[in-house]
Amino acid sequence: MTNTELSEQEMIRRESLAKLRESGINPYPAALYPVNATAQSIAKEYDAEKGTCQDVCLAGRIMSRRIMGAASFGEIQDSTGRIQIYVKRDEICPGEDKTMYNTVWKKLLDIGDIIGVKGFAFFTQTGQLSIHVKELTLLSKSLRVLPVVKEVDGVVHDAFTDPEMRYRQRYVDLIVNPQVRDVFVQRAKIINTMREYFNEAGCLEVETPILQPIPGGATARPFITHHNALDIDLYMRIANELYLKRLIVGGYDGVYEFAKDFRNEGMDKTHNPEFTCMEIYVAYKDYIWMMEFVEKMLEKIAVRLHGTSVVKIGDKEIDFKAGYKRLPYLDAIKEYAGVDVKGMNEDELRETCKKLKVETDPTMGEGKLIDAIFGAYVEEHLTEPTFVIDYPVSLSPLTKRHRNDPTLTERFELFVCGKELANAYSELNDPIDQLDRFKEQAALKSHGDDEAMFIDYDFVRALEYGMPPTSGLGMGIDRLTMFMTGQKTIQDVLFFPQMRPEKAATNKEE
């Protein structure tokens with residue numbers, strides 16, 4: 001529907017808007033409204049015997065009305081919930097002029113309008129907590145009709161369930177589906193819990209550039225933009241790792257960042273091109289220490305949200321209590337795919353993939369071929385929180401070689417319900433080894449792997465000044481929120497997920 005094609009109800013609302021203005025009522029007043037209570041606070045604090053909540057002022061959106069002559073009931077919804085209001089003509093219009101009730105309240109206000117009410121709390125004869133309205137003020141006129149949720153015989157009938165419409169019009173989704181608001185409140189609690197945990201560990205929250213001359217810190221395809229003043233191409237960051245490690249070189253013992261990252265890749269139920277990632281780096285630690293650090297953090301988050309370490313994810317109950325299984329990467333492939341890929345070269349790995357019916361393409365090197373087998377045969381079995389450890393060097397260009405086996409690295413990924421939740425290393429701090437690994441990545445890029453890393457010579461220079469032994473962790477906040485709140489798709493934990501442009505309706509006259 002275009003702006004010129006209004007429904008009959010929307011036309012009526014615009015006519016009501018004009019009549020309000022004609023009657024001298026500003027439908028969008030700018031004055032401060034002195035809210036001193038919420039639906040939730042009144043429900044908690046009202047005590048009939050003590051006479052509390054006798055002078056309340058609250059504001060909210062009209063969600064229902066029942067007009068009954070000279071008196072009416074309605075419901076308003078604020079950020080904390082809904083509460084019933086009782087509107088009596090002679091109370092809000094004590095003089096001879098009954099316009100506010102007979103014309104404004106009964107005829108010109110609609111479901112969705114935002115009003116302010118002043119009055120006192122009481123229980124109706126049926127025991128319903130309500131606000132007896134003494135004064136009513138229009139704060140904002142709604143010109144569109146809400147798809148109001150209705151409940152009949154205990155069954156909720158939601159008129160706004162289409163996922164595409166919900167994601168495109170999240171503002172409407174939040175109005176009519178209060179449980180959606182709760183998901184984002186939980187998301188904020190997750191981030192705040194992590195922030196408290198990191199601060200207590202002595203780490204410093206920092207910020208690093210979003211626009212970068214070299215997209216480093218991960219193997220991913222970047223978005224490219226152009227800086228006009230400098231006349232150079234820049235990349236939107238795919239990770240903040242290399243900048244955070246520069247800060248460890250600079251002398252900080254622990255730094256972390258909640259960062260918006262961008263990867264120009266596919267989209268599905270667990271991937272969005274713009275996502276929030278937390279990365280933390282702690283000096284003088286290794287990946288074994290980091291596993292214990294992560295376990296305790298996730299247990300803390302689960303308990304903070306649910307009062308228990310057990311979280312229901314889909315039809316499964318997952319226990320995030322510390323003490324997760326450790327499973328070596330190559331052992332996992334041997335166990336679930338039935339092959340030992342240790343020591344195989346690229347040709348042997350490609351032949352193994354063919355036998356296992358794992359899809360490949362000519363641009364894939366040793367690391368990606370091994371990981372394709374892992375993805376096809378192992379991930380689905382990793383339901384309970386599991387640390388997959390000790391990845392091959394070819395898969396981990398930023399990771400320190402394993403202290404007992406130089407063909408492996410000191411890396412882990414945490415898997416839950418078959419999905420990666422976190423990625424961590426004992427960080428590579430040997431500048432010569434790091435440069436060699438970057439060159440290997442550059443060779444892959446020259447053979448068509450557009451996710452391979454660039455060579456970041458400045459980062460190598462930083463390492464040449466000396467970086468202490470360090471452990472780092474990256475964790476996707478969106479996916480973590482999915483797990484901790486039981487949501488099925490990443491779009492349900494993003495306020496505004498990326499979507500194709502909305503198609504405009506064709507003008508009937510064209």
# chains A, B, ... in the order shown; residues from 1 in each chain; ligands from 1
$ select_by_dssp --residues "segment 206-368 of chain A" --states "helix (DSSP H, G or I)" --output "PyMOL selection string"
chain A and resi 241-249+287-306+329-337+346-356+366-368
$ residues_around --residues "Val378 of chain A" --least-positions-apart "2" --cutoff "7 Å" --atoms "only C-alpha atoms" --output "ChimeraX atom specification"
/A:332-333,336,374-376,380-381
$ residues_around --residues "Ser471 of chain A" --least-positions-apart "4" --cutoff "7 Å" --atoms "only C-alpha atoms" --output "PyMOL selection string"
chain A and resi 281-283+285-287+290+425-427
$ write_last_selection --atoms "N, CA, C and O atoms" --output "CSV table (one decimal), in the first residue's frame"
chain,number,residue,atom,x,y,z
A,281,TYR,N,40.6,-10.6,25.2
A,281,TYR,CA,42.0,-11.1,25.2
A,281,TYR,C,42.6,-10.8,26.6
A,281,TYR,O,42.5,-9.7,27.1
A,282,VAL,N,43.3,-11.8,27.1
A,282,VAL,CA,43.8,-11.7,28.5
A,282,VAL,C,45.3,-12.2,28.4
A,282,VAL,O,45.6,-13.3,28.0
A,283,ALA,N,46.2,-11.3,28.9
A,283,ALA,CA,47.6,-11.6,28.8
A,283,ALA,C,48.0,-12.7,29.9
A,283,ALA,O,47.3,-12.8,30.9
A,285,LYS,N,47.7,-15.8,29.8
A,285,LYS,CA,46.8,-17.0,29.9
A,285,LYS,C,46.9,-17.8,28.7
A,285,LYS,O,47.4,-17.4,27.7
A,286,ASP,N,46.3,-19.1,28.7
A,286,ASP,CA,46.3,-19.9,27.6
A,286,ASP,C,44.9,-20.4,27.3
A,286,ASP,O,43.9,-20.1,28.1
A,287,TYR,N,44.7,-21.3,26.3
A,287,TYR,CA,43.3,-21.7,25.9
A,287,TYR,C,42.7,-22.7,27.0
A,287,TYR,O,41.5,-22.8,27.1
A,290,MET,N,41.2,-20.4,29.4
A,290,MET,CA,40.0,-19.8,28.8
A,290,MET,C,38.8,-20.7,28.8
A,290,MET,O,37.6,-20.2,28.9
A,425,TYR,N,41.7,-19.2,21.3
A,425,TYR,CA,43.1,-19.6,21.0
A,425,TYR,C,44.0,-19.3,22.2
A,425,TYR,O,43.7,-18.4,23.0
A,426,SER,N,45.1,-20.0,22.2
A,426,SER,CA,46.3,-19.5,22.8
A,426,SER,C,46.9,-18.7,21.6
A,426,SER,O,47.2,-19.3,20.6
A,427,GLU,N,47.0,-17.4,21.7
A,427,GLU,CA,47.2,-16.5,20.6
A,427,GLU,C,48.7,-16.7,20.1
A,427,GLU,O,49.6,-16.8,20.9
$ select_by_dssp --residues "segment 34-281 of chain A" --states "strand (DSSP E or B)" --output "ChimeraX atom specification"
/A:56-68,71-78,81-88,114-123,129-140,150-152,155-157,204-205,211-212,224-227,232-236,254-262,268,271,274-281
$ write_last_selection --atoms "C-alpha atoms" --output "CSV table (one decimal), in the first residue's frame"
chain,number,residue,atom,x,y,z
A,56,VAL,CA,-0.9,7.9,40.1
A,57,CYS,CA,0.0,9.3,36.7
A,58,LEU,CA,0.9,6.8,34.0
A,59,ALA,CA,0.9,6.8,30.2
A,60,GLY,CA,0.4,4.0,27.7
A,61,ARG,CA,-1.2,2.8,24.5
A,62,ILE,CA,-5.0,2.1,24.4
A,63,MET,CA,-5.3,-1.7,23.7
A,64,SER,CA,-9.0,-2.2,24.3
A,65,ARG,CA,-12.2,-0.2,25.1
A,66,ARG,CA,-15.7,-1.1,26.3
A,67,ILE,CA,-18.0,1.9,26.1
A,68,MET,CA,-21.0,1.7,28.4
A,71,ALA,CA,-18.8,5.0,32.0
A,72,SER,CA,-16.3,2.9,30.2
A,73,PHE,CA,-13.5,0.4,30.8
A,74,GLY,CA,-10.4,0.1,28.8
A,75,GLU,CA,-6.8,-1.3,28.9
A,76,ILE,CA,-3.6,0.7,28.4
A,77,GLN,CA,-0.2,-0.8,27.8
A,78,ASP,CA,3.1,0.7,28.8
A,81,GLY,CA,2.5,-4.5,30.8
A,82,ARG,CA,-1.2,-3.7,30.7
A,83,ILE,CA,-3.6,-2.3,33.3
A,84,GLN,CA,-7.3,-1.7,33.2
A,85,ILE,CA,-8.7,1.9,33.3
A,86,TYR,CA,-12.1,3.0,34.4
A,87,VAL,CA,-13.3,6.2,32.7
A,88,LYS,CA,-16.4,7.9,34.0
A,114,ILE,CA,-1.2,6.9,23.4
A,115,ILE,CA,-2.8,8.6,26.4
A,116,GLY,CA,-1.9,9.8,29.8
A,117,VAL,CA,-4.2,9.2,32.8
A,118,LYS,CA,-4.2,10.5,36.3
A,119,GLY,CA,-6.3,8.9,39.1
A,120,PHE,CA,-6.2,6.3,41.8
A,121,ALA,CA,-5.9,2.5,41.9
A,122,PHE,CA,-8.8,0.3,43.1
A,123,PHE,CA,-10.2,-3.2,42.7
A,129,LEU,CA,-7.0,-4.0,39.5
A,130,SER,CA,-7.9,-0.8,37.7
A,131,ILE,CA,-7.1,2.9,37.6
A,132,HIS,CA,-10.1,5.2,38.3
A,133,VAL,CA,-9.3,8.0,35.9
A,134,LYS,CA,-9.7,11.6,37.1
A,135,GLU,CA,-7.9,13.2,34.2
A,136,LEU,CA,-7.2,12.0,30.6
A,137,THR,CA,-4.8,13.5,28.1
A,138,LEU,CA,-4.1,12.5,24.5
A,139,LEU,CA,-0.4,12.3,24.0
A,140,SER,CA,-0.1,10.8,20.5
A,150,LYS,CA,-7.1,-11.3,21.1
A,151,GLU,CA,-7.6,-14.0,23.7
A,152,VAL,CA,-10.6,-16.3,23.5
A,155,VAL,CA,-6.3,-19.2,23.5
A,156,VAL,CA,-4.2,-16.3,22.1
A,157,HIS,CA,-5.1,-15.4,18.5
A,204,LEU,CA,39.0,-3.1,30.2
A,205,GLU,CA,36.2,-2.5,27.8
A,211,LEU,CA,36.2,0.8,9.0
A,212,GLN,CA,39.6,-0.9,8.4
A,224,ILE,CA,33.9,-2.9,0.8
A,225,THR,CA,33.2,0.9,0.9
A,226,HIS,CA,35.1,4.0,-0.3
A,227,HIS,CA,36.4,6.9,1.8
A,232,ILE,CA,40.9,4.8,-0.5
A,233,ASP,CA,38.8,1.7,-0.2
A,234,LEU,CA,38.0,0.5,3.3
A,235,TYR,CA,36.5,-2.7,4.6
A,236,MET,CA,33.8,-3.1,7.2
A,254,GLY,CA,42.9,-7.7,29.5
A,255,VAL,CA,40.7,-6.0,26.9
A,256,TYR,CA,37.3,-6.8,25.5
A,257,GLU,CA,34.8,-5.3,23.1
A,258,PHE,CA,31.1,-5.9,22.1
A,259,ALA,CA,31.5,-5.2,18.4
A,260,LYS,CA,29.3,-5.0,15.4
A,261,ASP,CA,31.0,-7.1,12.7
A,262,PHE,CA,30.0,-7.5,9.0
A,268,ASP,CA,20.1,-18.4,7.3
A,271,HIS,CA,23.6,-16.2,10.3
A,274,GLU,CA,25.6,-7.8,10.5
A,275,PHE,CA,26.1,-9.4,13.9
A,276,THR,CA,27.3,-8.7,17.4
A,277,CYS,CA,30.5,-10.4,18.5
A,278,MET,CA,32.2,-10.2,21.8
A,279,GLU,CA,36.0,-10.7,21.8
A,280,ILE,CA,38.2,-10.7,24.9
A,281,TYR,CA,42.0,-11.1,25.2
$ closest_residue --among "A:Met499, A:Thr99, A:Asp456, A:Lys269" --to "Gly24 of chain A" --atoms "only C-alpha atoms"
A:Thr99
$ atom_distance --atom1 "atom CA of Met344 of chain A" --atom2 "atom CA of Phe438 of chain A"
21.5 Å
